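Colleague: To be precise about what I am sending: the file is called coords.txt and holds compact mmCIF, C-alpha atoms.
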```
# COMPACT_ATOMS: atom_id res chain seq x y z
CA MET H 1 0.00 0.00 0.00
CA SER H 2 1.34 3.44 -0.89
CA LEU H 3 1.77 6.19 1.67
CA LEU H 4 -1.14 8.16 0.18
CA ASP H 5 -3.39 5.07 0.15
CA GLU H 6 -2.53 4.50 3.81
CA VAL H 7 -3.36 8.09 4.77
CA ILE H 8 -6.66 7.97 2.86
CA SER H 9 -7.77 4.65 4.30
CA ASN H 10 -6.72 5.46 7.90
CA THR H 11 -8.14 8.98 8.14
CA PRO H 12 -11.76 9.35 9.26
CA ASP H 13 -14.09 11.70 7.41
CA PRO H 14 -14.96 14.88 9.31
CA ILE H 15 -18.26 14.85 11.21
CA ILE H 16 -21.11 17.31 11.46
CA VAL H 17 -21.86 18.09 15.11
CA PRO H 18 -25.48 18.30 16.32
CA LYS H 19 -27.13 21.68 16.87
CA GLY H 20 -25.85 23.21 20.09
CA GLN H 21 -23.43 25.51 21.87
CA TYR H 22 -19.73 25.09 21.01
CA GLN H 23 -16.47 26.87 21.65
CA MET H 24 -15.05 28.06 18.34
CA GLN H 25 -11.50 29.15 17.46
CA ILE H 26 -10.38 31.21 14.47
CA THR H 27 -7.83 29.39 12.34
CA LYS H 28 -7.82 32.10 9.66
CA ALA H 29 -9.57 35.44 9.05
CA VAL H 30 -9.43 37.46 5.82
CA PHE H 31 -10.88 40.69 4.45
CA GLY H 32 -12.20 40.34 0.91
CA ALA H 33 -15.21 40.84 -1.36
CA THR H 34 -18.48 38.98 -1.81
CA LYS H 35 -19.07 37.48 -5.25
CA GLY H 36 -22.18 39.42 -6.17
CA GLY H 37 -24.14 38.12 -9.16
CA GLN H 38 -27.75 37.35 -10.06
CA ARG H 39 -30.45 36.44 -7.55
CA ASP H 40 -33.15 33.90 -8.33
CA ASP H 41 -35.66 36.75 -8.74
CA GLY H 42 -33.49 38.37 -11.45
CA SER H 43 -32.19 41.23 -9.31
CA LYS H 44 -28.48 41.82 -8.98
CA LYS H 45 -26.52 41.14 -5.77
CA PRO H 46 -23.98 43.91 -5.14
CA ILE H 47 -20.34 43.12 -4.42
CA LYS H 48 -19.73 43.96 -0.76
CA PRO H 49 -16.74 44.10 1.56
CA MET H 50 -16.66 41.16 3.98
CA VAL H 51 -14.57 39.33 6.53
CA THR H 52 -14.49 35.54 6.27
CA LEU H 53 -13.79 33.59 9.45
CA TYR H 54 -12.47 30.04 9.19
CA LEU H 55 -13.22 28.26 12.46
CA LYS H 56 -12.56 25.00 14.21
CA ILE H 57 -14.80 23.57 16.89
CA LEU H 58 -12.73 23.11 20.04
CA ASN H 59 -13.05 19.82 21.92
CA GLU H 60 -14.53 18.14 18.81
CA GLN H 61 -11.42 16.61 17.28
CA ASN H 62 -13.00 15.23 14.12
CA ALA H 63 -15.53 18.03 13.47
CA GLN H 64 -15.73 19.62 10.05
CA MET H 65 -14.40 23.19 9.81
CA VAL H 66 -16.97 26.01 9.92
CA SER H 67 -16.96 29.35 8.09
CA ASP H 68 -18.76 32.53 9.05
CA PHE H 69 -19.15 35.63 6.90
CA LEU H 70 -19.33 39.21 8.15
CA TRP H 71 -20.34 41.32 5.19
CA PHE H 72 -20.64 45.07 5.44
CA PRO H 73 -23.81 46.88 4.37
CA VAL H 74 -23.57 49.06 1.28
CA GLU H 75 -25.59 51.91 -0.15
CA GLY H 76 -28.96 50.59 -1.20
CA ASP H 77 -29.30 48.09 1.66
CA SER H 78 -32.42 48.68 3.75
CA GLU H 79 -32.10 50.18 7.23
CA ASP H 80 -33.04 46.78 8.70
CA VAL H 81 -30.28 45.02 6.75
CA GLN H 82 -27.75 47.67 7.75
CA LEU H 83 -28.69 47.39 11.44
CA ASN H 84 -28.76 43.57 11.42
CA GLN H 85 -25.35 43.29 9.76
CA ALA H 86 -23.80 45.92 12.03
CA GLN H 87 -25.15 44.06 15.08
CA LYS H 88 -23.84 40.73 13.75
CA ILE H 89 -20.36 42.19 13.26
CA LYS H 90 -20.39 43.81 16.73
CA ASN H 91 -21.64 40.64 18.47
CA THR H 92 -19.13 38.44 16.64
CA LEU H 93 -16.17 40.64 17.55
CA LYS H 94 -17.29 40.84 21.19
CA ALA H 95 -17.83 37.07 21.40
CA LEU H 96 -14.36 36.39 20.00
CA GLY H 97 -12.63 39.09 22.07
CA ILE H 98 -11.44 40.99 19.00
CA ASN H 99 -10.51 44.65 19.42
CA PRO H 100 -10.00 46.15 15.94
CA LYS H 101 -7.76 48.92 17.35
CA VAL H 102 -5.31 46.27 18.61
CA ASP H 103 -6.00 43.15 16.53
CA GLY H 104 -6.43 44.65 13.06
CA ASP H 105 -9.17 46.56 11.30
CA VAL H 106 -10.64 46.68 7.81
CA ASP H 107 -8.94 49.15 5.46
CA ILE H 108 -11.85 50.07 3.19
CA ASP H 109 -9.44 51.87 0.82
CA LYS H 110 -8.04 48.43 -0.11
CA PHE H 111 -11.48 47.05 -1.00
CA ALA H 112 -12.07 46.24 -4.67
CA PRO H 113 -14.21 43.65 -6.48
CA GLY H 114 -12.11 40.55 -7.13
CA MET H 115 -9.45 41.64 -4.64
CA GLU H 116 -6.99 39.18 -3.14
CA PRO H 117 -8.01 38.45 0.47
CA ILE H 118 -6.07 40.35 3.14
CA PRO H 119 -5.37 38.26 6.26
CA PHE H 120 -5.87 39.36 9.86
CA PHE H 121 -2.98 37.55 11.52
CA LYS H 122 -3.77 38.75 15.06
CA TRP H 123 -7.30 37.29 14.85
CA GLN H 124 -5.91 33.76 14.49
CA GLY H 125 -6.31 31.78 17.71
CA LYS H 126 -9.07 34.00 19.16
CA SER H 127 -11.96 31.96 20.49
CA GLY H 128 -15.51 32.37 21.70
CA TRP H 129 -18.81 30.54 22.03
CA ALA H 130 -21.45 30.17 19.34
CA ILE H 131 -24.64 28.27 18.75
CA LEU H 132 -24.23 26.07 15.70
CA SER H 133 -26.99 24.65 13.54
CA VAL H 134 -26.92 22.11 10.74
CA GLY H 135 -27.58 23.45 7.25
CA VAL H 136 -27.12 22.33 3.68
CA ASN H 137 -24.12 23.19 1.53
CA VAL H 138 -25.60 24.92 -1.53
CA SER H 139 -22.78 23.75 -3.81
CA ASP H 140 -23.27 20.01 -3.29
CA GLY H 141 -26.28 19.48 -0.98
CA SER H 142 -24.20 17.93 1.79
CA PRO H 143 -24.89 18.77 5.45
CA MET H 144 -22.68 21.36 7.14
CA ASN H 145 -22.46 23.21 10.42
CA GLN H 146 -23.09 26.92 10.42
CA VAL H 147 -22.99 29.64 13.06
CA SER H 148 -26.51 30.63 14.07
CA ILE H 149 -25.47 33.21 16.65
CA TRP H 150 -22.37 34.25 18.57
CA ILE H 151 -22.69 34.36 22.36
CA LYS H 152 -21.33 37.58 23.84
CA PRO H 153 -19.49 37.10 27.14
CA LYS H 154 -21.13 38.57 30.23
CA GLU H 155 -19.74 41.96 31.20
CA GLY H 156 -17.24 41.93 34.02
CA ILE H 157 -15.99 38.38 33.48
```
Kindly present the structure from the file in structure tokens form.

Modeller:
Amino acid sequence: MSLLDEVISNTPDPIIVPKGQYQMQITKAVFGATKGGQRDDGSKKPIKPMVTLYLKILNEQNAQMVSDFLWFPVEGDSEDVQLNQAQKIKNTLKALGINPKVDGDVDIDKFAPGMEPIPFFKWQGKSGWAILSVGVNVSDGSPMNQVSIWIKPKEGI
């Protein structure tokens, strides 16, 4: 048996964890752009600045990696969308203990459609708690974990 055959046959497939509360850790965070494109209703999705978080579930050794997306509202988004996205970004940063003044902030002047992602090196290793759910991967229909909500730590802890 070749070395690659041995690795493939002896490595378990990653698992999807059940819905629940889990401690998450950032393995990578990058600033980039959404894809944009056509919606099912024929309207056009704008290209927006976003931060992509690549996360591992702590204490779940064989769990599949999880991604979360913090996209920034743009002109034309409704007030509700702007407020909801701003709150999601704020709650996520608080839950993960990220201080943009110390850990790295978005430089909007570097934003451009199709840009190369810009990493946030100081975000790597930050951790916090989230409630995960089980969803469906739109690209292949397979199950996947996704962040439903980040849990902000209690003040004074």

Colleague: Which residue is closest to Val106 (chain H)? Choose from H:Ser133, H:Asn145, H:Gln87, H:Thr52 and count all atoms listed in the file.

Modeller: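 Selected residue with least distance to Val106 (chain H): H:Thr52.
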
Colleague: Under the rule that only C-alpha atoms are counted, which of H:Leu70, H:Ile16, H:Pro117, H:Leu3 is the nearest residue to Pro143 (chain H)?

Modeller: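 Nearest to Pro143 (chain H): H:Ile16.
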
Colleague: For Lys28 (chain H), which residue out of H:Asp40, H:Asp13, H:Asp68, H:Asp105 is the nearest one, using only C-alpha atoms?

Modeller: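 Looking at the shortest contact to Lys28 (chain H), the residue is H:Asp68.
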
Colleague: Give me, as a list of chain:residue names, all polymer residues having an atom no more than 10 Å from region 55-67 of chain H, counting all atoms listed in the file and skipping those fewer than 5 positions away in the same chain.

Modeller: H:Thr11, H:Pro12, H:Asp13, H:Pro14, H:Ile15, H:Ile16, H:Val17, H:Tyr22, H:Gln23, H:Met24, H:Gln25, H:Ile26, H:Thr27, H:Lys28, H:Ala29, H:Gln124, H:Gly125, H:Lys126, H:Ser127, H:Gly128, H:Trp129, H:Ala130, H:Leu132, H:Met144, H:Asn145, H:Gln146, H:Val147

Colleague: When you count all atoms listed in the file, which of these residues is closest to Lys122 (chain H): H:Ala95, H:Gly36, H:Lys88, H:Val30?

Modeller: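 Ranking H:Ala95, H:Gly36, H:Lys88, H:Val30 by distance to Lys122 (chain H), first place goes to H:Val30.
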
Colleague: By how many Å are CA of Asn10 (chain H) and CA of Val138 (chain H) apart?

Modeller: 28.7 Å

Colleague: So how many Å separate CA of Leu93 (chain H) and CA of Pro119 (chain H), to one decimal?

Modeller: 15.8 Å

Colleague: Between CA of Leu83 (chain H) and CA of Gly20 (chain H), what is the distance in Å, rounded to a tenth?

Modeller: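 Atom-to-atom, CA of Leu83 (chain H) and CA of Gly20 (chain H) are spaced 25.8 Å apart.
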
Colleague: Rank nothing, just name the residue among H:Lys101, H:Lys48, H:Lys35, H:Lys154 nearest to Val74 (chain H), using all atoms listed in the file.

Modeller: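 Under the stated criterion, the closest residue is H:Lys48.
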
Colleague: Within 10 Å of Pro46 (chain H), counting all atoms listed in the file, which residues show up once you throw out same-chain ones fewer than 5 positions away? Write them as a CSV table (one decimal) with C-alpha atoms, keeping the file's coordinate frame, please.

Modeller:
```csv
chain,number,residue,atom,x,y,z
H,34,THR,CA,-18.5,39.0,-1.8
H,35,LYS,CA,-19.1,37.5,-5.2
H,36,GLY,CA,-22.2,39.4,-6.2
H,37,GLY,CA,-24.1,38.1,-9.2
H,38,GLN,CA,-27.8,37.4,-10.1
H,73,PRO,CA,-23.8,46.9,4.4
H,74,VAL,CA,-23.6,49.1,1.3
H,75,GLU,CA,-25.6,51.9,-0.2
H,76,GLY,CA,-29.0,50.6,-1.2
H,77,ASP,CA,-29.3,48.1,1.7
H,113,PRO,CA,-14.2,43.6,-6.5
```

Colleague: Pick the closest to Lys110 (chain H) from H:Val136, H:Leu4, H:Ala33, H:Leu53: which is it, counting only C-alpha atoms?

Modeller: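 Closest candidate: H:Ala33.
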